[in-house]
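With compact mmCIF, C-alpha atoms inside, this is run.txt:
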# COMPACT_ATOMS: atom_id res chain seq x y z
CA MET X 233 0.00 0.00 0.00
CA GLN X 234 1.46 3.34 -0.99
CA ARG X 235 2.47 5.97 1.53
CA TYR X 236 0.36 9.07 1.32
CA THR X 237 0.69 12.43 3.02
CA GLU X 238 -1.81 15.16 2.43
CA GLY X 239 0.62 17.73 1.08
CA LYS X 240 2.42 18.11 -2.21
CA GLN X 241 5.50 16.23 -3.37
CA ARG X 242 8.34 16.29 -0.88
CA ALA X 243 11.67 17.99 -1.51
CA PRO X 244 14.01 15.35 -2.98
CA SER X 245 16.88 16.31 -0.70
CA GLY X 246 14.85 15.99 2.51
CA GLY X 247 14.21 18.77 5.00
CA ASP X 248 11.16 21.00 5.03
CA THR X 249 9.20 22.13 2.01
CA ASN X 250 8.39 25.84 1.78
CA ASP X 251 5.00 25.65 0.07
CA THR X 252 2.66 27.33 2.56
CA GLU X 253 0.23 28.87 0.08
CA PRO X 254 -3.38 29.13 1.35
CA ARG X 255 -5.57 26.19 0.40
CA ARG X 256 -9.29 25.49 0.67
CA ASN X 257 -11.56 22.54 1.02
CA VAL X 258 -15.14 21.84 2.02
CA GLU X 259 -15.33 19.45 4.97
CA ILE X 260 -17.99 17.43 6.68
CA LYS X 261 -17.66 14.89 9.50
CA ALA X 262 -20.00 12.25 10.92
CA ARG X 263 -19.97 9.59 13.60
CA VAL X 264 -20.11 6.02 12.34
CA ASP X 265 -21.85 3.21 14.22
CA ASP X 266 -21.43 0.35 11.74
CA LEU X 267 -17.87 0.75 10.49
CA ALA X 268 -17.93 -2.33 8.23
CA ALA X 269 -21.14 -1.24 6.50
CA VAL X 270 -19.86 2.28 5.81
CA GLN X 271 -16.54 0.91 4.56
CA ALA X 272 -18.37 -1.39 2.16
CA ASP X 273 -20.43 1.56 0.85
CA ILE X 274 -17.30 3.67 0.39
CA GLU X 275 -15.47 0.95 -1.51
CA ALA X 276 -18.49 0.31 -3.74
CA LEU X 277 -18.41 4.00 -4.65
CA ALA X 278 -14.70 4.90 -4.65
CA GLY X 279 -12.86 1.61 -5.03
CA PRO X 280 -10.17 0.20 -2.73
CA THR X 281 -8.24 1.99 -0.03
CA VAL X 282 -5.48 4.31 -1.25
CA ALA X 283 -3.59 4.20 2.06
CA ARG X 284 -3.81 3.14 5.69
CA LEU X 285 -2.30 5.89 7.85
CA GLN X 286 -1.25 5.98 11.49
CA GLN X 287 -1.40 9.60 12.62
CA VAL X 288 -0.74 11.50 15.84
CA ASP X 289 -1.90 15.13 15.80
CA THR X 290 -0.42 17.41 18.46
CA PHE X 291 -2.48 20.58 18.88
CA PHE X 292 -0.85 23.73 20.19
CA VAL X 293 -2.35 26.67 22.03
CA CYS X 294 -3.37 29.11 19.30
CA PRO X 295 -5.36 32.37 19.64
CA HIS X 296 -6.97 32.05 16.20
CA GLY X 297 -7.98 28.91 14.33
CA ARG X 298 -6.21 25.63 15.12
CA LEU X 299 -2.53 24.71 14.82
CA LYS X 300 -1.43 21.07 14.80
CA LEU X 301 1.63 19.01 13.99
CA ARG X 302 0.73 15.71 12.34
CA THR X 303 3.24 12.90 12.75
CA PHE X 304 3.08 9.77 10.61
CA SER X 305 4.35 6.31 11.51
CA THR X 306 6.97 6.81 8.75
CA GLY X 307 8.62 9.55 10.82
CA GLN X 308 7.47 12.33 8.47
CA GLY X 309 5.27 15.19 9.59
CA GLN X 310 3.06 18.10 8.55
CA LEU X 311 2.50 21.39 10.33
CA ILE X 312 -1.06 22.50 9.60
CA TYR X 313 -2.83 25.73 10.48
CA TYR X 314 -6.52 25.95 9.65
CA GLU X 315 -9.59 28.08 10.21
CA ARG X 316 -12.97 26.37 10.02
CA PRO X 317 -16.36 27.21 11.55
CA ASP X 318 -17.95 24.83 14.05
CA ASP X 319 -20.97 23.80 11.95
CA CYS X 320 -22.58 20.38 11.58
CA GLY X 321 -23.03 20.63 7.83
CA ALA X 322 -20.57 21.06 4.98
CA LYS X 323 -18.20 23.91 5.88
CA MET X 324 -15.30 25.75 4.30
CA SER X 325 -11.82 25.18 5.71
CA HIS X 326 -8.94 27.54 4.90
CA TYR X 327 -5.56 26.04 5.70
CA ARG X 328 -1.81 26.23 5.22
CA LEU X 329 0.47 23.23 5.34
CA CYS X 330 4.20 22.67 5.58
CA GLU X 331 5.81 19.23 5.42
CA THR X 332 8.77 18.35 7.62
CA ASP X 333 11.27 15.54 8.04
CA ARG X 334 11.89 16.54 11.68
CA PRO X 335 8.49 16.53 13.38
CA GLN X 336 9.83 15.63 16.83
CA ALA X 337 12.22 18.60 16.90
CA LEU X 338 9.55 20.94 15.57
CA CYS X 339 7.04 19.64 18.12
CA ALA X 340 9.45 20.32 20.98
CA ILE X 341 10.02 23.91 19.83
CA LEU X 342 6.31 24.65 19.36
CA ALA X 343 5.43 23.05 22.69
CA ALA X 344 8.00 25.21 24.47
CA ALA X 345 6.88 28.38 22.69
CA LEU X 346 3.10 27.93 22.65
CA GLY X 347 2.09 25.10 24.95
CA VAL X 348 0.35 21.85 24.00
CA ARG X 349 -3.42 21.77 23.95
CA GLY X 350 -3.71 18.00 23.47
CA THR X 351 -3.15 15.11 21.10
CA VAL X 352 -5.34 13.05 18.79
CA THR X 353 -4.27 9.54 17.81
CA LYS X 354 -6.01 7.81 14.94
CA GLU X 355 -5.84 5.17 12.26
CA ARG X 356 -7.13 6.49 8.94
CA LEU X 357 -8.25 4.69 5.83
CA LEU X 358 -7.98 7.01 2.84
CA TYR X 359 -10.09 6.78 -0.31
CA LEU X 360 -10.12 9.16 -3.30
CA TYR X 361 -13.27 9.97 -5.24
CA GLY X 362 -12.90 12.70 -7.85
CA ASN X 363 -11.66 15.79 -6.01
CA THR X 364 -12.75 14.40 -2.63
CA ARG X 365 -10.66 12.70 0.03
CA ILE X 366 -12.78 10.24 1.97
CA HIS X 367 -11.41 9.38 5.41
CA LEU X 368 -12.63 6.53 7.58
CA ASP X 369 -11.11 7.15 11.01
CA ARG X 370 -10.73 5.16 14.20
CA VAL X 371 -9.94 7.78 16.83
CA TRP X 372 -8.53 6.67 20.16
CA ASP X 373 -10.99 7.36 23.02
CA LEU X 374 -13.66 8.67 20.62
CA GLY X 375 -14.73 5.94 18.19
CA ALA X 376 -15.24 5.74 14.44
CA PHE X 377 -15.88 8.65 12.08
CA LEU X 378 -16.33 9.45 8.40
CA GLU X 379 -14.72 12.64 7.12
CA LEU X 380 -15.08 14.13 3.65
CA GLU X 381 -12.72 16.77 2.28
CA VAL X 382 -13.70 18.23 -1.09
CA VAL X 383 -10.51 19.86 -2.37
CA LEU X 384 -11.07 23.18 -4.14
CA GLY X 385 -8.76 24.84 -6.64
CA PRO X 386 -8.09 28.60 -6.48
CA LEU X 387 -11.02 29.41 -8.79
CA GLU X 388 -13.42 26.60 -7.86
CA ASP X 389 -16.78 27.51 -6.39
CA GLU X 390 -17.49 26.88 -2.70
CA HIS X 391 -21.14 26.03 -3.39
CA ALA X 392 -20.15 23.28 -5.81
CA GLY X 393 -17.94 21.81 -3.09
CA ARG X 394 -20.80 21.85 -0.62
CA SER X 395 -23.07 20.13 -3.12
CA THR X 396 -20.47 17.42 -3.70
CA ALA X 397 -20.10 16.79 0.04
CA GLU X 398 -23.85 16.62 0.59
CA ALA X 399 -24.33 14.26 -2.36
CA LEU X 400 -21.65 11.93 -0.99
CA LEU X 401 -23.35 11.90 2.42
CA THR X 402 -26.55 10.75 0.74
CA ALA X 403 -24.73 8.12 -1.33
CA LEU X 404 -23.06 6.76 1.82
CA LYS X 405 -26.37 6.70 3.76
CA ILE X 406 -25.23 9.10 6.47
CA GLU X 407 -28.05 10.68 8.48
CA ARG X 408 -28.08 14.31 9.61
CA CYS X 409 -28.14 13.21 13.26
CA GLN X 410 -24.69 11.63 12.79
CA LEU X 411 -22.99 14.89 11.76
CA VAL X 412 -20.33 16.41 14.02
CA ASP X 413 -19.60 20.13 14.27
CA ARG X 414 -16.21 20.03 16.02
CA ALA X 415 -12.64 18.86 15.53
CA TYR X 416 -11.50 15.65 17.22
CA ILE X 417 -9.48 17.64 19.75
CA ASP X 418 -12.64 19.54 20.76
CA LEU X 419 -14.57 16.28 21.19
CA LEU X 420 -11.80 14.83 23.35
CA GLU X 421 -11.71 17.94 25.52
CA LYS X 422 -15.49 17.83 25.91
CA ALA X 423 -15.41 14.15 26.87
CA ALA X 424 -12.64 14.80 29.42
CA SER X 425 -14.60 17.64 31.03
CA GLU X 426 -17.80 15.64 31.49
CA PRO X 427 -18.26 14.06 34.93
CA SER X 428 -18.01 10.28 35.10
CA PRO X 429 -21.24 8.44 35.93
CA PRO X 430 -21.52 7.43 39.60
CA ALA X 431 -20.37 3.93 40.46
CA ALA X 432 -23.16 1.42 41.02
CA SER X 433 -23.74 0.58 44.66
CA VAL X 434 -23.28 -2.98 45.86
CA GLY X 435 -25.58 -4.58 48.35
What is this structure when it is put down as C-alpha cells?
Amino acid sequence: MQRYTEGKQRAPSGGDTNDTEPRRNVEIKARVDDLAAVQADIEALAGPTVARLQQVDTFFVCPHGRLKLRTFSTGQGQLIYYERPDDCGAKMSHYRLCETDRPQALCAILAAALGVRGTVTKERLLYLYGNTRIHLDRVWDLGAFLELEVVLGPLEDEHAGRSTAEALLTALKIERCQLVDRAYIDLLEKAASEPSPPAASVG
C-alpha cells in the first residue's frame, strides 16, 4: 500500500518544504456506528483503499484557528494551520500546510513556545473519489468517524464543493443526526470535562 501524506511532493533532498500557500476545502464529519457497513459503501463507490495511515496530531495553544503538527508512523510530519467554523453541515476550511522531516524537533520547539493543547491519535483509511478525500477514522478514546474533504482549486466555487459533500453523504447513507460540528481535539476535551457516571452501589 502506498504511503500518502496530504501535502504536495516532498523535496528530494529531505528537510522542510516551503510551500505554505493558502488552500481550501469543504469538509464534513460524521460519527459512524457500523464501520464495516460504511466501509463497504465507500469501496463500492470509490474503489479500494489508497492508504492506511497511522497519525498523531499534536495541537498547540493558538489564539486564532487551530494549529497542529501531524506525525506519521513513517517519521514524516506536517505542520497545519486551519480556520474552520464549528458547523454540523458542509463547511469551508482555509488552511496552510508545511511538510517536515523533523516533526519531533519541531514539536518540541512549538510546545516550548506555545504550549500543548492535546493530542489526537487515529488510524485512517484514505479513499479518493474525484476531487474528494474520503477518510474513515478510528480515533482513540472517541470511536469511528467518516470525514469528507472536497478539495477546491483557487477558482473553484465553494457552493459546488458543498453540493459534492452533501451528495456523498446521501450516497453513503449518512443521516443528519450523525454529523459532528467540532474537531476531534474539541470532542476529546469535551469528553474529558464531562463528569463520570456514579459507580453502582453494591448490596
Item to check | Surrounding residues of Leu299 (chain X) excluding itself and chain neighbours under 3 positions, 9 Å, all atoms listed in the file, as JSON, numbers by chain | outcome: {"X": [290, 291, 292, 293, 294, 296, 311, 312, 313, 314]}
Go through region 239-341 of chain X residue by residue and, counting all atoms listed in the file, keep those with an atom at most 10 Å from region 395-408 of chain X; for each kept residue give the shortest atom pair and its distance in Å to one decimal, ordered by chain and increasing number, as CSV.
residue,atom,partner,partner_atom,distance
X:Val258,CA,X:Ala397,CA,7.4
X:Glu259,CA,X:Ala397,CA,7.4
X:Ile260,CA,X:Ala397,CA,7.0
X:Lys261,CA,X:Leu401,CA,9.6
X:Ala262,CA,X:Ile406,CA,7.6
X:Arg263,CA,X:Ile406,CA,8.9
X:Val264,CA,X:Ile406,CA,8.4
X:Ala269,CA,X:Leu404,CA,9.5
X:Val270,CA,X:Leu404,CA,6.8
X:Gln271,CA,X:Leu404,CA,9.2
X:Ala272,CA,X:Leu404,CA,9.4
X:Asp273,CA,X:Leu404,CA,5.9
X:Ile274,CA,X:Leu404,CA,6.7
X:Ala276,CA,X:Leu404,CA,9.7
X:Leu277,CA,X:Ala403,CA,8.2
X:Cys320,CA,X:Arg408,CA,8.4
X:Gly321,CA,X:Arg408,CA,8.3
X:Ala322,CA,X:Ala397,CA,6.5
X:Lys323,CA,X:Ala397,CA,9.4
For those residues, write C-alpha atoms to a file as a short mmCIF file (atom, residue, chain, number, x, y, z; two decimals), in the coordinates of the input.
data_model
loop_
_atom_site.label_atom_id
_atom_site.label_comp_id
_atom_site.auth_asym_id
_atom_site.auth_seq_id
_atom_site.Cartn_x
_atom_site.Cartn_y
_atom_site.Cartn_z
CA VAL X 258 -15.14 21.84 2.02
CA GLU X 259 -15.33 19.45 4.97
CA ILE X 260 -17.99 17.43 6.68
CA LYS X 261 -17.66 14.89 9.50
CA ALA X 262 -20.00 12.25 10.92
CA ARG X 263 -19.97 9.59 13.60
CA VAL X 264 -20.11 6.02 12.34
CA ALA X 269 -21.14 -1.24 6.50
CA VAL X 270 -19.86 2.28 5.81
CA GLN X 271 -16.54 0.91 4.56
CA ALA X 272 -18.37 -1.39 2.16
CA ASP X 273 -20.43 1.56 0.85
CA ILE X 274 -17.30 3.67 0.39
CA ALA X 276 -18.49 0.31 -3.74
CA LEU X 277 -18.41 4.00 -4.65
CA CYS X 320 -22.58 20.38 11.58
CA GLY X 321 -23.03 20.63 7.83
CA ALA X 322 -20.57 21.06 4.98
CA LYS X 323 -18.20 23.91 5.88
#
Checklist entry - Between CA of Asp333 (chain X) and CA of Gln308 (chain X), what is the distance, to one decimal in Å? => result 5.0 Å
Checklist entry - CA of Leu267 (chain X) to CA of Ala376 (chain X): how many Å, to one decimal? => result 6.9 Å
Which polymer residues, whether protein, DNA or RNA, lie within 8 Å of the coordinate (-8.9, 8.0, -2.9) when you count all atoms listed in the file? List them as a compact mmCIF listing (two decimals) with C-alpha atoms, in the coordinates of the input, using the chain letters and numbers from the file.
# COMPACT_ATOMS: atom_id res chain seq x y z
CA ALA X 278 -14.70 4.90 -4.65
CA GLY X 279 -12.86 1.61 -5.03
CA PRO X 280 -10.17 0.20 -2.73
CA THR X 281 -8.24 1.99 -0.03
CA VAL X 282 -5.48 4.31 -1.25
CA LEU X 358 -7.98 7.01 2.84
CA TYR X 359 -10.09 6.78 -0.31
CA LEU X 360 -10.12 9.16 -3.30
CA TYR X 361 -13.27 9.97 -5.24
CA GLY X 362 -12.90 12.70 -7.85
CA THR X 364 -12.75 14.40 -2.63
CA ARG X 365 -10.66 12.70 0.03
CA ILE X 366 -12.78 10.24 1.97
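When only C-alpha atoms are used to measure the gap to Leu357 (chain X), the shortest distance among X:Glu275, X:Glu388, X:Asp373, X:Asp418 belongs to X:Glu275.
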To test the calculation: enclose all listed atoms of region 415-421 of chain X in a box whose edges run along x, y and z, add 5 Å on each side, then state centre and edge lengths in Å to one decimal, as JSON.
{"center_x": -12.0, "center_y": 17.2, "center_z": 20.5, "size_x": 15.1, "size_y": 14.7, "size_z": 20.0}
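Of note, CA of Arg316 (chain X) and CA of Gly297 (chain X) are spaced 7.1 Å apart.
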Taking (-10.2, 20.1, 21.9) in the file's coordinates, which residues come within 10 Å, counting all atoms listed in the file, written as a JSON list (two decimals) with C-alpha atoms, in the frame of the given file?
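As written to disk, selection-v8.json reads:
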[["chain", "number", "residue", "atom", "x", "y", "z"],
["X", 291, "PHE", "CA", -2.48, 20.58, 18.88],
["X", 298, "ARG", "CA", -6.21, 25.63, 15.12],
["X", 349, "ARG", "CA", -3.42, 21.77, 23.95],
["X", 350, "GLY", "CA", -3.71, 18.00, 23.47],
["X", 351, "THR", "CA", -3.15, 15.11, 21.10],
["X", 352, "VAL", "CA", -5.34, 13.05, 18.79],
["X", 414, "ARG", "CA", -16.21, 20.03, 16.02],
["X", 415, "ALA", "CA", -12.64, 18.86, 15.53],
["X", 416, "TYR", "CA", -11.50, 15.65, 17.22],
["X", 417, "ILE", "CA", -9.48, 17.64, 19.75],
["X", 418, "ASP", "CA", -12.64, 19.54, 20.76],
["X", 419, "LEU", "CA", -14.57, 16.28, 21.19],
["X", 420, "LEU", "CA", -11.80, 14.83, 23.35],
["X", 421, "GLU", "CA", -11.71, 17.94, 25.52],
["X", 422, "LYS", "CA", -15.49, 17.83, 25.91],
["X", 423, "ALA", "CA", -15.41, 14.15, 26.87],
["X", 424, "ALA", "CA", -12.64, 14.80, 29.42]]
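Considering the residues X:Val288, X:Met324, X:Leu387, X:Val412 and counting all atoms listed in the file, Gly309 (chain X) has its shortest atom-to-atom contact with X:Val288.
Restricting the calculation to all atoms listed in the file, the smallest distance between Glu355 (chain X) and any of X:Val371, X:Ala283, X:Ile341, X:Arg302 is found for X:Val371.
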Item to check | Contact residues around Leu368 (chain X) with all atoms listed in the file at 6 Å, ignoring same-chain residues under 4 positions, as a VMD selection string | outcome: chain X and resid 356 to 357 377 to 378
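The shortest atom-to-atom distance to Gly393 (chain X), with all atoms listed in the file taken into account, belongs to X:Leu380 out of X:His367, X:Glu426, X:Ser305, X:Leu380.
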Please output region 374-392 of chain X, rebuilt to include N, CA and C atoms, as an mmCIF file, in the coordinates of the input.
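Below is the file result.cif, written as the result:
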data_model
loop_
_atom_site.group_PDB
_atom_site.id
_atom_site.type_symbol
_atom_site.label_atom_id
_atom_site.label_comp_id
_atom_site.auth_asym_id
_atom_site.auth_seq_id
_atom_site.Cartn_x
_atom_site.Cartn_y
_atom_site.Cartn_z
ATOM 1 N N LEU X 374 -12.460 8.014 21.175
ATOM 2 C CA LEU X 374 -13.660 8.670 20.620
ATOM 3 C C LEU X 374 -14.537 7.721 19.819
ATOM 4 N N GLY X 375 -13.942 6.840 19.023
ATOM 5 C CA GLY X 375 -14.730 5.940 18.190
ATOM 6 C C GLY X 375 -14.438 6.109 16.718
ATOM 7 N N ALA X 376 -15.419 5.762 15.892
ATOM 8 C CA ALA X 376 -15.240 5.740 14.440
ATOM 9 C C ALA X 376 -15.968 6.925 13.796
ATOM 10 N N PHE X 377 -15.340 7.472 12.747
ATOM 11 C CA PHE X 377 -15.880 8.650 12.080
ATOM 12 C C PHE X 377 -15.632 8.564 10.578
ATOM 13 N N LEU X 378 -16.523 9.197 9.828
ATOM 14 C CA LEU X 378 -16.330 9.450 8.400
ATOM 15 C C LEU X 378 -16.051 10.923 8.224
ATOM 16 N N GLU X 379 -15.036 11.246 7.408
ATOM 17 C CA GLU X 379 -14.720 12.640 7.120
ATOM 18 C C GLU X 379 -14.548 12.810 5.620
ATOM 19 N N LEU X 380 -15.208 13.808 5.067
ATOM 20 C CA LEU X 380 -15.080 14.130 3.650
ATOM 21 C C LEU X 380 -14.374 15.468 3.510
ATOM 22 N N GLU X 381 -13.411 15.525 2.595
ATOM 23 C CA GLU X 381 -12.720 16.770 2.280
ATOM 24 C C GLU X 381 -12.763 16.974 0.771
ATOM 25 N N VAL X 382 -13.588 17.894 0.338
ATOM 26 C CA VAL X 382 -13.700 18.230 -1.090
ATOM 27 C C VAL X 382 -12.666 19.306 -1.381
ATOM 28 N N VAL X 383 -11.623 18.955 -2.114
ATOM 29 C CA VAL X 383 -10.510 19.860 -2.370
ATOM 30 C C VAL X 383 -10.897 20.852 -3.465
ATOM 31 N N LEU X 384 -10.703 22.131 -3.192
ATOM 32 C CA LEU X 384 -11.070 23.180 -4.140
ATOM 33 C C LEU X 384 -9.816 23.842 -4.711
ATOM 34 N N GLY X 385 -9.811 24.065 -6.014
ATOM 35 C CA GLY X 385 -8.760 24.840 -6.640
ATOM 36 C C GLY X 385 -8.972 26.313 -6.387
ATOM 37 N N PRO X 386 -7.999 27.167 -6.762
ATOM 38 C CA PRO X 386 -8.090 28.600 -6.480
ATOM 39 C C PRO X 386 -9.355 29.257 -7.023
ATOM 40 N N LEU X 387 -9.866 28.778 -8.167
ATOM 41 C CA LEU X 387 -11.020 29.410 -8.790
ATOM 42 C C LEU X 387 -12.301 28.588 -8.665
ATOM 43 N N GLU X 388 -12.237 27.457 -7.966
ATOM 44 C CA GLU X 388 -13.420 26.600 -7.860
ATOM 45 C C GLU X 388 -14.419 27.181 -6.867
ATOM 46 N N ASP X 389 -15.685 26.915 -7.130
ATOM 47 C CA ASP X 389 -16.780 27.510 -6.390
ATOM 48 C C ASP X 389 -17.052 26.741 -5.087
ATOM 49 N N GLU X 390 -17.211 27.488 -4.002
ATOM 50 C CA GLU X 390 -17.490 26.880 -2.700
ATOM 51 C C GLU X 390 -18.810 26.120 -2.714
ATOM 52 N N HIS X 391 -19.814 26.668 -3.396
ATOM 53 C CA HIS X 391 -21.140 26.030 -3.390
ATOM 54 C C HIS X 391 -21.097 24.678 -4.093
ATOM 55 N N ALA X 392 -20.294 24.570 -5.134
ATOM 56 C CA ALA X 392 -20.150 23.280 -5.810
ATOM 57 C C ALA X 392 -19.521 22.258 -4.864
#
